[in-house]
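Chemist: Pasting entry.cif here (mmCIF, N, CA and C atoms and all ligand atoms):
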```
data_model
#
loop_
_atom_site.group_PDB
_atom_site.id
_atom_site.type_symbol
_atom_site.label_atom_id
_atom_site.label_comp_id
_atom_site.auth_asym_id
_atom_site.auth_seq_id
_atom_site.Cartn_x
_atom_site.Cartn_y
_atom_site.Cartn_z
ATOM 1 N N MET S 1 78.489 -7.043 18.840
ATOM 2 C CA MET S 1 79.212 -6.233 17.866
ATOM 3 C C MET S 1 80.721 -6.460 17.987
ATOM 4 N N ILE S 2 81.402 -6.515 16.871
ATOM 5 C CA ILE S 2 82.860 -6.618 16.857
ATOM 6 C C ILE S 2 83.368 -5.249 16.416
ATOM 7 N N PRO S 3 83.985 -4.475 17.328
ATOM 8 C CA PRO S 3 84.361 -3.103 16.967
ATOM 9 C C PRO S 3 85.459 -3.053 15.911
ATOM 10 N N GLY S 4 85.493 -1.956 15.168
ATOM 11 C CA GLY S 4 86.568 -1.729 14.209
ATOM 12 C C GLY S 4 86.133 -2.023 12.786
ATOM 13 N N ASP S 5 87.085 -1.816 11.883
ATOM 14 C CA ASP S 5 86.842 -2.095 10.470
ATOM 15 C C ASP S 5 86.778 -3.613 10.290
ATOM 16 N N ALA S 6 85.654 -4.077 9.787
ATOM 17 C CA ALA S 6 85.431 -5.524 9.696
ATOM 18 C C ALA S 6 86.520 -6.239 8.902
ATOM 19 N N ARG S 7 87.153 -5.530 7.977
ATOM 20 C CA ARG S 7 88.188 -6.191 7.168
ATOM 21 C C ARG S 7 89.393 -6.583 8.002
ATOM 22 N N GLN S 8 89.596 -5.870 9.132
ATOM 23 C CA GLN S 8 90.674 -6.270 10.048
ATOM 24 C C GLN S 8 90.121 -6.999 11.277
ATOM 25 N N SER S 9 89.004 -6.488 11.816
ATOM 26 C CA SER S 9 88.539 -7.012 13.105
ATOM 27 C C SER S 9 87.934 -8.410 12.980
ATOM 28 N N LEU S 10 87.281 -8.700 11.873
ATOM 29 C CA LEU S 10 86.674 -10.032 11.764
ATOM 30 C C LEU S 10 87.728 -11.139 11.649
ATOM 31 N N PRO S 11 88.723 -10.998 10.772
ATOM 32 C CA PRO S 11 89.748 -12.055 10.725
ATOM 33 C C PRO S 11 90.482 -12.233 12.060
ATOM 34 N N ALA S 12 90.546 -11.159 12.866
ATOM 35 C CA ALA S 12 91.263 -11.238 14.145
ATOM 36 C C ALA S 12 90.375 -11.761 15.271
ATOM 37 N N TRP S 13 89.085 -11.921 15.017
ATOM 38 C CA TRP S 13 88.135 -12.324 16.063
ATOM 39 C C TRP S 13 88.191 -13.837 16.247
ATOM 40 N N ALA S 14 88.315 -14.264 17.520
ATOM 41 C CA ALA S 14 88.456 -15.697 17.806
ATOM 42 C C ALA S 14 87.118 -16.362 18.099
ATOM 43 N N GLY S 15 86.026 -15.614 18.070
ATOM 44 C CA GLY S 15 84.738 -16.165 18.451
ATOM 45 C C GLY S 15 84.028 -16.897 17.328
ATOM 46 N N GLN S 16 82.855 -17.422 17.655
ATOM 47 C CA GLN S 16 81.964 -18.059 16.676
ATOM 48 C C GLN S 16 80.550 -17.566 16.940
ATOM 49 N N ALA S 17 79.893 -17.087 15.914
ATOM 50 C CA ALA S 17 78.541 -16.544 16.066
ATOM 51 C C ALA S 17 77.502 -17.602 15.739
ATOM 52 N N ASP S 18 76.401 -17.579 16.482
ATOM 53 C CA ASP S 18 75.257 -18.435 16.146
ATOM 54 C C ASP S 18 74.418 -17.801 15.045
ATOM 55 N N ALA S 19 74.407 -16.468 14.989
ATOM 56 C CA ALA S 19 73.563 -15.772 14.008
ATOM 57 C C ALA S 19 74.189 -14.421 13.668
ATOM 58 N N TRP S 20 74.111 -14.061 12.395
ATOM 59 C CA TRP S 20 74.614 -12.772 11.911
ATOM 60 C C TRP S 20 73.462 -12.009 11.287
ATOM 61 N N PHE S 21 73.457 -10.688 11.526
ATOM 62 C CA PHE S 21 72.602 -9.800 10.744
ATOM 63 C C PHE S 21 73.548 -8.934 9.913
ATOM 64 N N LEU S 22 73.601 -9.191 8.639
ATOM 65 C CA LEU S 22 74.539 -8.494 7.745
ATOM 66 C C LEU S 22 73.853 -7.208 7.298
ATOM 67 N N ASP S 23 74.292 -6.097 7.883
ATOM 68 C CA ASP S 23 73.548 -4.834 7.751
ATOM 69 C C ASP S 23 74.463 -3.710 7.301
ATOM 70 N N GLY S 24 75.349 -4.011 6.372
ATOM 71 C CA GLY S 24 76.151 -2.933 5.796
ATOM 72 C C GLY S 24 75.281 -2.029 4.954
ATOM 73 N N PHE S 25 75.863 -0.901 4.533
ATOM 74 C CA PHE S 25 75.149 -0.077 3.554
ATOM 75 C C PHE S 25 75.006 -0.888 2.269
ATOM 76 N N ALA S 26 74.219 -0.376 1.337
ATOM 77 C CA ALA S 26 73.925 -1.120 0.108
ATOM 78 C C ALA S 26 75.209 -1.597 -0.576
ATOM 79 N N PRO S 27 75.203 -2.809 -1.097
ATOM 80 C CA PRO S 27 76.424 -3.351 -1.720
ATOM 81 C C PRO S 27 77.041 -2.431 -2.773
ATOM 82 N N ALA S 28 76.217 -1.707 -3.519
ATOM 83 C CA ALA S 28 76.778 -0.815 -4.543
ATOM 84 C C ALA S 28 77.535 0.351 -3.914
ATOM 85 N N LYS S 29 77.143 0.730 -2.688
ATOM 86 C CA LYS S 29 77.771 1.887 -2.031
ATOM 87 C C LYS S 29 78.847 1.487 -1.034
ATOM 88 N N ASN S 30 78.799 0.266 -0.550
ATOM 89 C CA ASN S 30 79.676 -0.181 0.547
ATOM 90 C C ASN S 30 80.224 -1.568 0.190
ATOM 91 N N PRO S 31 80.847 -1.696 -1.007
ATOM 92 C CA PRO S 31 81.215 -3.031 -1.491
ATOM 93 C C PRO S 31 82.170 -3.773 -0.566
ATOM 94 N N GLU S 32 82.966 -3.041 0.220
ATOM 95 C CA GLU S 32 83.960 -3.715 1.063
ATOM 96 C C GLU S 32 83.316 -4.691 2.047
ATOM 97 N N LEU S 33 82.073 -4.384 2.486
ATOM 98 C CA LEU S 33 81.436 -5.272 3.474
ATOM 99 C C LEU S 33 80.810 -6.503 2.837
ATOM 100 N N TRP S 34 80.745 -6.515 1.502
ATOM 101 C CA TRP S 34 80.078 -7.619 0.811
ATOM 102 C C TRP S 34 81.064 -8.400 -0.054
ATOM 103 N N ASP S 35 82.328 -8.142 0.187
ATOM 104 C CA ASP S 35 83.382 -8.798 -0.587
ATOM 105 C C ASP S 35 83.371 -10.314 -0.314
ATOM 106 N N PRO S 36 83.521 -11.139 -1.345
ATOM 107 C CA PRO S 36 83.492 -12.591 -1.116
ATOM 108 C C PRO S 36 84.490 -13.063 -0.059
ATOM 109 N N ALA S 37 85.668 -12.455 -0.003
ATOM 110 C CA ALA S 37 86.662 -12.888 0.991
ATOM 111 C C ALA S 37 86.178 -12.582 2.410
ATOM 112 N N LEU S 38 85.518 -11.442 2.591
ATOM 113 C CA LEU S 38 85.008 -11.106 3.923
ATOM 114 C C LEU S 38 83.821 -12.007 4.291
ATOM 115 N N LEU S 39 82.971 -12.314 3.321
ATOM 116 C CA LEU S 39 81.840 -13.206 3.602
ATOM 117 C C LEU S 39 82.324 -14.619 3.911
ATOM 118 N N ALA S 40 83.455 -15.012 3.324
ATOM 119 C CA ALA S 40 84.055 -16.302 3.684
ATOM 120 C C ALA S 40 84.551 -16.266 5.136
ATOM 121 N N GLU S 41 85.049 -15.109 5.574
ATOM 122 C CA GLU S 41 85.458 -14.971 6.990
ATOM 123 C C GLU S 41 84.230 -15.086 7.900
ATOM 124 N N VAL S 42 83.112 -14.520 7.463
ATOM 125 C CA VAL S 42 81.866 -14.664 8.233
ATOM 126 C C VAL S 42 81.538 -16.150 8.406
ATOM 127 N N ALA S 43 81.596 -16.894 7.318
ATOM 128 C CA ALA S 43 81.268 -18.324 7.396
ATOM 129 C C ALA S 43 82.238 -19.057 8.319
ATOM 130 N N ARG S 44 83.522 -18.716 8.241
ATOM 131 C CA ARG S 44 84.526 -19.396 9.081
ATOM 132 C C ARG S 44 84.276 -19.139 10.556
ATOM 133 N N ARG S 45 83.600 -18.038 10.882
ATOM 134 C CA ARG S 45 83.344 -17.682 12.272
ATOM 135 C C ARG S 45 81.874 -17.909 12.648
ATOM 136 N N THR S 46 81.253 -18.850 11.979
ATOM 137 C CA THR S 46 79.867 -19.216 12.276
ATOM 138 C C THR S 46 79.838 -20.605 12.910
ATOM 139 N N ALA S 47 79.134 -20.719 14.013
ATOM 140 C CA ALA S 47 79.003 -22.019 14.688
ATOM 141 C C ALA S 47 78.268 -23.001 13.780
ATOM 142 N N PRO S 48 78.487 -24.307 13.968
ATOM 143 C CA PRO S 48 77.771 -25.294 13.150
ATOM 144 C C PRO S 48 76.262 -25.044 13.197
ATOM 145 N N GLY S 49 75.646 -25.002 12.030
ATOM 146 C CA GLY S 49 74.212 -24.753 11.960
ATOM 147 C C GLY S 49 73.825 -23.293 12.143
ATOM 148 N N GLY S 50 74.816 -22.410 12.262
ATOM 149 C CA GLY S 50 74.538 -20.986 12.470
ATOM 150 C C GLY S 50 73.908 -20.344 11.241
ATOM 151 N N THR S 51 73.337 -19.172 11.448
ATOM 152 C CA THR S 51 72.523 -18.542 10.411
ATOM 153 C C THR S 51 72.976 -17.111 10.132
ATOM 154 N N PHE S 52 72.530 -16.603 9.003
ATOM 155 C CA PHE S 52 72.652 -15.170 8.706
ATOM 156 C C PHE S 52 71.337 -14.694 8.121
ATOM 157 N N ALA S 53 71.113 -13.400 8.201
ATOM 158 C CA ALA S 53 70.012 -12.754 7.485
ATOM 159 C C ALA S 53 70.504 -11.395 7.036
ATOM 160 N N THR S 54 69.996 -10.937 5.916
ATOM 161 C CA THR S 54 70.339 -9.618 5.412
ATOM 162 C C THR S 54 69.201 -9.087 4.560
ATOM 163 N N TYR S 55 69.043 -7.777 4.566
ATOM 164 C CA TYR S 55 67.993 -7.143 3.762
ATOM 165 C C TYR S 55 68.297 -7.235 2.272
ATOM 166 N N THR S 56 69.578 -7.410 1.913
ATOM 167 C CA THR S 56 69.906 -7.359 0.487
ATOM 168 C C THR S 56 69.613 -8.694 -0.189
ATOM 169 N N ALA S 57 69.194 -8.601 -1.425
ATOM 170 C CA ALA S 57 68.996 -9.807 -2.231
ATOM 171 C C ALA S 57 69.904 -9.758 -3.457
ATOM 172 N N ALA S 58 70.945 -8.937 -3.403
ATOM 173 C CA ALA S 58 71.844 -8.806 -4.553
ATOM 174 C C ALA S 58 72.421 -10.180 -4.919
ATOM 175 N N GLY S 59 72.369 -10.513 -6.200
ATOM 176 C CA GLY S 59 72.795 -11.831 -6.640
ATOM 177 C C GLY S 59 74.236 -12.137 -6.292
ATOM 178 N N HIS S 60 75.126 -11.164 -6.424
ATOM 179 C CA HIS S 60 76.539 -11.463 -6.146
ATOM 180 C C HIS S 60 76.765 -11.720 -4.661
ATOM 181 N N VAL S 61 75.942 -11.110 -3.798
ATOM 182 C CA VAL S 61 76.052 -11.374 -2.358
ATOM 183 C C VAL S 61 75.537 -12.788 -2.060
ATOM 184 N N ARG S 62 74.414 -13.145 -2.664
ATOM 185 C CA ARG S 62 73.889 -14.510 -2.444
ATOM 186 C C ARG S 62 74.885 -15.561 -2.930
ATOM 187 N N ARG S 63 75.486 -15.305 -4.077
ATOM 188 C CA ARG S 63 76.457 -16.284 -4.608
ATOM 189 C C ARG S 63 77.685 -16.382 -3.716
ATOM 190 N N ALA S 64 78.151 -15.253 -3.214
ATOM 191 C CA ALA S 64 79.341 -15.276 -2.345
ATOM 192 C C ALA S 64 79.045 -16.017 -1.040
ATOM 193 N N LEU S 65 77.852 -15.809 -0.480
ATOM 194 C CA LEU S 65 77.493 -16.509 0.759
ATOM 195 C C LEU S 65 77.341 -18.010 0.511
ATOM 196 N N ALA S 66 76.804 -18.375 -0.636
ATOM 197 C CA ALA S 66 76.694 -19.799 -0.977
ATOM 198 C C ALA S 66 78.085 -20.401 -1.158
ATOM 199 N N ALA S 67 78.968 -19.685 -1.846
ATOM 200 C CA ALA S 67 80.337 -20.180 -2.049
ATOM 201 C C ALA S 67 81.072 -20.311 -0.718
ATOM 202 N N ALA S 68 80.686 -19.487 0.262
ATOM 203 C CA ALA S 68 81.330 -19.536 1.582
ATOM 204 C C ALA S 68 80.840 -20.713 2.410
ATOM 205 N N GLY S 69 79.745 -21.353 1.992
ATOM 206 C CA GLY S 69 79.295 -22.549 2.697
ATOM 207 C C GLY S 69 77.896 -22.473 3.275
ATOM 208 N N PHE S 70 77.189 -21.372 3.026
ATOM 209 C CA PHE S 70 75.823 -21.268 3.537
ATOM 210 C C PHE S 70 74.834 -21.849 2.525
ATOM 211 N N ALA S 71 73.781 -22.488 3.024
ATOM 212 C CA ALA S 71 72.599 -22.786 2.214
ATOM 213 C C ALA S 71 71.777 -21.500 2.210
ATOM 214 N N VAL S 72 71.617 -20.914 1.028
ATOM 215 C CA VAL S 72 71.100 -19.548 0.902
ATOM 216 C C VAL S 72 69.699 -19.574 0.305
ATOM 217 N N ALA S 73 68.802 -18.774 0.866
ATOM 218 C CA ALA S 73 67.439 -18.674 0.335
ATOM 219 C C ALA S 73 67.071 -17.211 0.130
ATOM 220 N N ARG S 74 66.456 -16.917 -1.002
ATOM 221 C CA ARG S 74 65.869 -15.597 -1.215
ATOM 222 C C ARG S 74 64.432 -15.649 -0.729
ATOM 223 N N LEU S 75 64.092 -14.743 0.167
ATOM 224 C CA LEU S 75 62.793 -14.780 0.843
ATOM 225 C C LEU S 75 62.037 -13.483 0.591
ATOM 226 N N PRO S 76 60.718 -13.485 0.822
ATOM 227 C CA PRO S 76 59.979 -12.225 0.722
ATOM 228 C C PRO S 76 60.572 -11.183 1.667
ATOM 229 N N GLY S 77 60.666 -9.954 1.186
ATOM 230 C CA GLY S 77 61.221 -8.893 2.015
ATOM 231 C C GLY S 77 60.148 -8.219 2.852
ATOM 232 N N TYR S 78 60.438 -7.021 3.305
ATOM 233 C CA TYR S 78 59.511 -6.283 4.160
ATOM 234 C C TYR S 78 59.649 -4.801 3.814
ATOM 235 N N GLY S 79 58.673 -4.021 4.202
ATOM 236 C CA GLY S 79 58.717 -2.598 3.883
ATOM 237 C C GLY S 79 58.841 -2.400 2.376
ATOM 238 N N ARG S 80 59.824 -1.618 1.972
ATOM 239 C CA ARG S 80 60.016 -1.334 0.546
ATOM 240 C C ARG S 80 60.843 -2.404 -0.162
ATOM 241 N N LYS S 81 61.308 -3.405 0.601
ATOM 242 C CA LYS S 81 62.188 -4.426 0.016
ATOM 243 C C LYS S 81 61.357 -5.617 -0.461
ATOM 244 N N ARG S 82 61.462 -5.904 -1.765
ATOM 245 C CA ARG S 82 60.677 -7.024 -2.292
ATOM 246 C C ARG S 82 61.239 -8.362 -1.798
ATOM 247 N N HIS S 83 62.578 -8.437 -1.683
ATOM 248 C CA HIS S 83 63.214 -9.688 -1.256
ATOM 249 C C HIS S 83 64.253 -9.414 -0.180
ATOM 250 N N MET S 84 64.559 -10.452 0.567
ATOM 251 C CA MET S 84 65.686 -10.447 1.501
ATOM 252 C C MET S 84 66.392 -11.796 1.336
ATOM 253 N N THR S 85 67.467 -11.983 2.069
ATOM 254 C CA THR S 85 68.242 -13.222 1.947
ATOM 255 C C THR S 85 68.530 -13.754 3.347
ATOM 256 N N ALA S 86 68.445 -15.061 3.495
ATOM 257 C CA ALA S 86 68.786 -15.694 4.769
ATOM 258 C C ALA S 86 69.418 -17.040 4.475
ATOM 259 N N GLY S 87 70.129 -17.572 5.434
ATOM 260 C CA GLY S 87 70.750 -18.861 5.201
ATOM 261 C C GLY S 87 71.286 -19.495 6.467
ATOM 262 N N ARG S 88 71.707 -20.722 6.303
ATOM 263 C CA ARG S 88 72.230 -21.531 7.418
ATOM 264 C C ARG S 88 73.497 -22.208 6.932
ATOM 265 N N LEU S 89 74.492 -22.276 7.801
ATOM 266 C CA LEU S 89 75.740 -22.933 7.431
ATOM 267 C C LEU S 89 75.465 -24.407 7.174
ATOM 268 N N SER S 90 75.847 -24.867 5.993
ATOM 269 C CA SER S 90 75.502 -26.251 5.643
ATOM 270 C C SER S 90 76.699 -27.167 5.856
HETATM 271 C C1 LIG J 101 73.082 0.466 7.462
HETATM 272 S S1 LIG J 101 74.239 0.841 8.743
HETATM 273 C C2 LIG J 101 73.760 -0.331 9.972
HETATM 274 C C3 LIG J 101 74.136 0.036 11.351
HETATM 275 C C4 LIG J 101 73.700 -0.897 12.486
HETATM 276 N N1 LIG J 101 73.268 -2.198 12.050
HETATM 277 C C5 LIG J 101 72.628 -0.264 13.294
HETATM 278 O O1 LIG J 101 71.482 -0.682 13.208
HETATM 279 O O2 LIG J 101 72.941 0.703 14.004
HETATM 280 C C6 LIG J 101 75.749 0.189 8.061
HETATM 281 C C7 LIG J 101 76.918 0.232 9.019
HETATM 282 O O3 LIG J 101 78.054 -0.408 8.412
HETATM 283 C C8 LIG J 101 79.207 0.251 8.911
HETATM 284 N N2 LIG J 101 80.369 -0.076 8.058
HETATM 285 C C9 LIG J 101 80.614 0.300 6.781
HETATM 286 N N3 LIG J 101 81.798 -0.182 6.362
HETATM 287 C C10 LIG J 101 82.320 -0.890 7.404
HETATM 288 C C11 LIG J 101 83.530 -1.617 7.604
HETATM 289 N N4 LIG J 101 84.469 -1.745 6.630
HETATM 290 N N5 LIG J 101 83.723 -2.228 8.794
HETATM 291 C C12 LIG J 101 82.793 -2.128 9.794
HETATM 292 N N6 LIG J 101 81.636 -1.452 9.676
HETATM 293 C C13 LIG J 101 81.406 -0.828 8.496
HETATM 294 C C14 LIG J 101 78.808 1.715 8.906
HETATM 295 O O4 LIG J 101 79.609 2.449 9.780
HETATM 296 C C15 LIG J 101 77.363 1.644 9.379
HETATM 297 O O5 LIG J 101 77.297 1.778 10.785
#
```
Give the structure from the file, written as structure tokens.

Modeler:
Amino acid sequence: MIPGDARQSLPAWAGQADAWFLDGFAPAKNPELWDPALLAEVARRTAPGGTFATYTAAGHVRRALAAAGFAVARLPGYGRKRHMTAGRLS
């Protein structure tokens, strides 16, 4: 975990993650965590070949992650979620 508000703490983080679980509240309720600029910061801090997964399948989130450099796939979801999204830095 990287403590603090991700909009400040992620750009200031010097590390590289092998895998992310993007688990903000729903994009409609918590848009700041799904902002394209922040998702680009996620990609910049991902090790080569690193991955992400998230419960959301919102189209604008998938597009932002693809624009950030991930190969993005919409996959079958679980529980009440029909779809989820996962990807690998390409
Ligand atoms: C669905 S919960 C997931 C919590 C965590 N994954 C867990 O299992 O305990 C969404 C989390 O996003 C956090 N959050 C919302 N906006 C944030 C922001 N700008 N920066 C960092 N965390 C944020 C909330 O505080 C909340 O803990």

Chemist: Convert the output of the PyMOL selection byres (((chain S and resi 47) around 6) and not hetatm) on the shown file into explicit residues, formatted as a ChimeraX atom specification.

Modeler: /S:16-18,45-46,48-50

Chemist: Counting all atoms listed in the file, what are the residues of chain S within 7 Å of ligand LIG 101 (chain J), and for each of them which pair of atoms is the nearest and at what distance in Å, to one decimal? Sort the table by chain and rising number, as CSV.

Modeler:
```
residue,atom,partner,partner_atom,distance
S:Pro3,C,J:LIG101,C12,6.7
S:Gly4,C,J:LIG101,C12,4.5
S:Asp5,CA,J:LIG101,N5,3.5
S:Ala6,N,J:LIG101,N5,2.9
S:Arg7,N,J:LIG101,N5,4.8
S:Gln8,N,J:LIG101,N5,6.9
S:Leu22,C,J:LIG101,N1,6.9
S:Asp23,C,J:LIG101,C6,4.2
S:Gly24,C,J:LIG101,C6,3.8
S:Phe25,N,J:LIG101,C6,3.7
S:Ala26,N,J:LIG101,C1,6.3
S:Asn30,CA,J:LIG101,N3,6.2
S:Glu32,C,J:LIG101,N4,5.6
S:Leu33,N,J:LIG101,N4,5.5
```

Chemist: Between S:Thr54, S:Arg88, S:Gly15, S:Arg74, single out the one closest to Trp34 of chain S, counting only C-alpha atoms.

Modeler: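 Once distances to Trp34 of chain S are computed over only C-alpha atoms, the minimum belongs to S:Thr54.
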
Chemist: Please indicate the distance in Å from atom C of Leu75 of chain S to atom CA of Arg63 of chain S, rounded to one decimal place.

Modeler: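 Rounded to one decimal, the two atoms are 15.6 Å apart.
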
Chemist: My list of candidates is S:Ala68, S:Val61, S:Ala86, S:Ala73. Which is closest to Ala43 of chain S when distances are computed with all atoms listed in the file?

Modeler: S:Ala68

Chemist: Kindly indicate which residue among S:Gly87, S:Met1, S:Ala53, S:Gly69 lies nearest to Trp13 of chain S, using only C-alpha atoms for the distances.

Modeler: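 Closest candidate: S:Met1.
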
Chemist: Which is closest to Ala66 of chain S among S:Ile2, S:Ala19, S:Leu39, S:Ala14, if we use only C-alpha atoms?

Modeler: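 Among the listed residues, the smallest separation from Ala66 of chain S belongs to S:Leu39.
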
Chemist: Between atom C of Tyr78 of chain S and atom C of Leu65 of chain S, what distance in Å does the model show, to one decimal?

Modeler: 22.3 Å

Chemist: Kindly give the distance, in Å, that separates atom C of Ser90 of chain S and atom C of Ala71 of chain S, rounded to a single decimal.

Modeler: 8.3 Å

Chemist: Would you please give, as JSON, numbers by chain, all residues of chain S that DSSP assigns to alpha helix (DSSP H) based on the backbone?

Modeler: {"S": [6, 7, 8, 9, 10, 11, 12, 36, 37, 38, 39, 40, 41, 42, 43, 44, 59, 60, 61, 62, 63, 64, 65, 66, 67, 68]}

Chemist: Taking into account only N, CA and C atoms, which residue in the set S:Met84, S:Ala67, S:Arg62, S:Phe21 is nearest to Ala40 of chain S?

Modeler: S:Ala67

Chemist: Mind working out the centre and edge lengths of an axis-aligned box for segment 35-49 of chain S, all listed atoms inside, 5 Å added to each side, rounded to one decimal in Å and written as JSON?

Modeler:
```
{"center_x": 80.2, "center_y": -16.7, "center_z": 6.7, "size_x": 22.8, "size_y": 27.2, "size_z": 26.0}
```

Chemist: For His60 of chain S, which of S:Glu41, S:Ala12, S:Pro36, S:Trp20 is the closest residue, counting all atoms listed in the file?

Modeler: S:Pro36

Chemist: Give me every strand (DSSP E) residue in segment 4-80 of chain S, going by DSSP on the backbone, as a list in words.

Modeler: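 Residues meeting the strand (DSSP E) criterion: Ala17, Asp18, Ala19, Trp20, Phe21, Leu22, Thr46, Ala47, Pro48, Gly49, Gly50, Thr51, Phe52, Ala53, Thr54, Phe70, Ala71, Val72, Ala73, Arg74, Leu75 and Pro76 of chain S.
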
Chemist: Please, can segment 28-46 of chain S be completed to N, CA, C and O atoms and returned as a PDB file, in the coordinates of the input?

Modeler:
```pdb
ATOM      1  N   ALA S  28      76.217  -1.707  -3.519  1.00  0.00           N
ATOM      2  CA  ALA S  28      76.778  -0.815  -4.543  1.00  0.00           C
ATOM      3  C   ALA S  28      77.535   0.351  -3.914  1.00  0.00           C
ATOM      4  O   ALA S  28      78.459   0.901  -4.529  1.00  0.00           O
ATOM      5  N   LYS S  29      77.143   0.730  -2.688  1.00  0.00           N
ATOM      6  CA  LYS S  29      77.771   1.887  -2.031  1.00  0.00           C
ATOM      7  C   LYS S  29      78.847   1.487  -1.034  1.00  0.00           C
ATOM      8  O   LYS S  29      79.665   2.312  -0.632  1.00  0.00           O
ATOM      9  N   ASN S  30      78.799   0.266  -0.550  1.00  0.00           N
ATOM     10  CA  ASN S  30      79.676  -0.181   0.547  1.00  0.00           C
ATOM     11  C   ASN S  30      80.224  -1.568   0.190  1.00  0.00           C
ATOM     12  O   ASN S  30      80.100  -2.527   0.951  1.00  0.00           O
ATOM     13  N   PRO S  31      80.847  -1.696  -1.007  1.00  0.00           N
ATOM     14  CA  PRO S  31      81.215  -3.031  -1.491  1.00  0.00           C
ATOM     15  C   PRO S  31      82.170  -3.773  -0.566  1.00  0.00           C
ATOM     16  O   PRO S  31      82.158  -5.006  -0.541  1.00  0.00           O
ATOM     17  N   GLU S  32      82.966  -3.041   0.220  1.00  0.00           N
ATOM     18  CA  GLU S  32      83.960  -3.715   1.063  1.00  0.00           C
ATOM     19  C   GLU S  32      83.316  -4.691   2.047  1.00  0.00           C
ATOM     20  O   GLU S  32      83.925  -5.682   2.427  1.00  0.00           O
ATOM     21  N   LEU S  33      82.073  -4.384   2.486  1.00  0.00           N
ATOM     22  CA  LEU S  33      81.436  -5.272   3.474  1.00  0.00           C
ATOM     23  C   LEU S  33      80.810  -6.503   2.837  1.00  0.00           C
ATOM     24  O   LEU S  33      80.377  -7.412   3.545  1.00  0.00           O
ATOM     25  N   TRP S  34      80.745  -6.515   1.502  1.00  0.00           N
ATOM     26  CA  TRP S  34      80.078  -7.619   0.811  1.00  0.00           C
ATOM     27  C   TRP S  34      81.064  -8.400  -0.054  1.00  0.00           C
ATOM     28  O   TRP S  34      80.677  -9.205  -0.908  1.00  0.00           O
ATOM     29  N   ASP S  35      82.328  -8.142   0.187  1.00  0.00           N
ATOM     30  CA  ASP S  35      83.382  -8.798  -0.587  1.00  0.00           C
ATOM     31  C   ASP S  35      83.371 -10.314  -0.314  1.00  0.00           C
ATOM     32  O   ASP S  35      83.230 -10.734   0.844  1.00  0.00           O
ATOM     33  N   PRO S  36      83.521 -11.139  -1.345  1.00  0.00           N
ATOM     34  CA  PRO S  36      83.492 -12.591  -1.116  1.00  0.00           C
ATOM     35  C   PRO S  36      84.490 -13.063  -0.059  1.00  0.00           C
ATOM     36  O   PRO S  36      84.183 -13.972   0.726  1.00  0.00           O
ATOM     37  N   ALA S  37      85.668 -12.455  -0.003  1.00  0.00           N
ATOM     38  CA  ALA S  37      86.662 -12.888   0.991  1.00  0.00           C
ATOM     39  C   ALA S  37      86.178 -12.582   2.410  1.00  0.00           C
ATOM     40  O   ALA S  37      86.375 -13.391   3.335  1.00  0.00           O
ATOM     41  N   LEU S  38      85.518 -11.442   2.591  1.00  0.00           N
ATOM     42  CA  LEU S  38      85.008 -11.106   3.923  1.00  0.00           C
ATOM     43  C   LEU S  38      83.821 -12.007   4.291  1.00  0.00           C
ATOM     44  O   LEU S  38      83.692 -12.457   5.436  1.00  0.00           O
ATOM     45  N   LEU S  39      82.971 -12.314   3.321  1.00  0.00           N
ATOM     46  CA  LEU S  39      81.840 -13.206   3.602  1.00  0.00           C
ATOM     47  C   LEU S  39      82.324 -14.619   3.911  1.00  0.00           C
ATOM     48  O   LEU S  39      81.709 -15.338   4.705  1.00  0.00           O
ATOM     49  N   ALA S  40      83.455 -15.012   3.324  1.00  0.00           N
ATOM     50  CA  ALA S  40      84.055 -16.302   3.684  1.00  0.00           C
ATOM     51  C   ALA S  40      84.551 -16.266   5.136  1.00  0.00           C
ATOM     52  O   ALA S  40      84.462 -17.268   5.854  1.00  0.00           O
ATOM     53  N   GLU S  41      85.049 -15.109   5.574  1.00  0.00           N
ATOM     54  CA  GLU S  41      85.458 -14.971   6.990  1.00  0.00           C
ATOM     55  C   GLU S  41      84.230 -15.086   7.900  1.00  0.00           C
ATOM     56  O   GLU S  41      84.306 -15.659   8.990  1.00  0.00           O
ATOM     57  N   VAL S  42      83.112 -14.520   7.463  1.00  0.00           N
ATOM     58  CA  VAL S  42      81.866 -14.664   8.233  1.00  0.00           C
ATOM     59  C   VAL S  42      81.538 -16.150   8.406  1.00  0.00           C
ATOM     60  O   VAL S  42      81.263 -16.617   9.518  1.00  0.00           O
ATOM     61  N   ALA S  43      81.596 -16.894   7.318  1.00  0.00           N
ATOM     62  CA  ALA S  43      81.268 -18.324   7.396  1.00  0.00           C
ATOM     63  C   ALA S  43      82.238 -19.057   8.319  1.00  0.00           C
ATOM     64  O   ALA S  43      81.830 -19.919   9.107  1.00  0.00           O
ATOM     65  N   ARG S  44      83.522 -18.716   8.241  1.00  0.00           N
ATOM     66  CA  ARG S  44      84.526 -19.396   9.081  1.00  0.00           C
ATOM     67  C   ARG S  44      84.276 -19.139  10.556  1.00  0.00           C
ATOM     68  O   ARG S  44      84.694 -19.926  11.398  1.00  0.00           O
ATOM     69  N   ARG S  45      83.600 -18.038  10.882  1.00  0.00           N
ATOM     70  CA  ARG S  45      83.344 -17.682  12.272  1.00  0.00           C
ATOM     71  C   ARG S  45      81.874 -17.909  12.648  1.00  0.00           C
ATOM     72  O   ARG S  45      81.331 -17.234  13.519  1.00  0.00           O
ATOM     73  N   THR S  46      81.253 -18.850  11.979  1.00  0.00           N
ATOM     74  CA  THR S  46      79.867 -19.216  12.276  1.00  0.00           C
ATOM     75  C   THR S  46      79.838 -20.605  12.910  1.00  0.00           C
ATOM     76  O   THR S  46      80.481 -21.538  12.409  1.00  0.00           O
TER      77      THR S  46
END
```
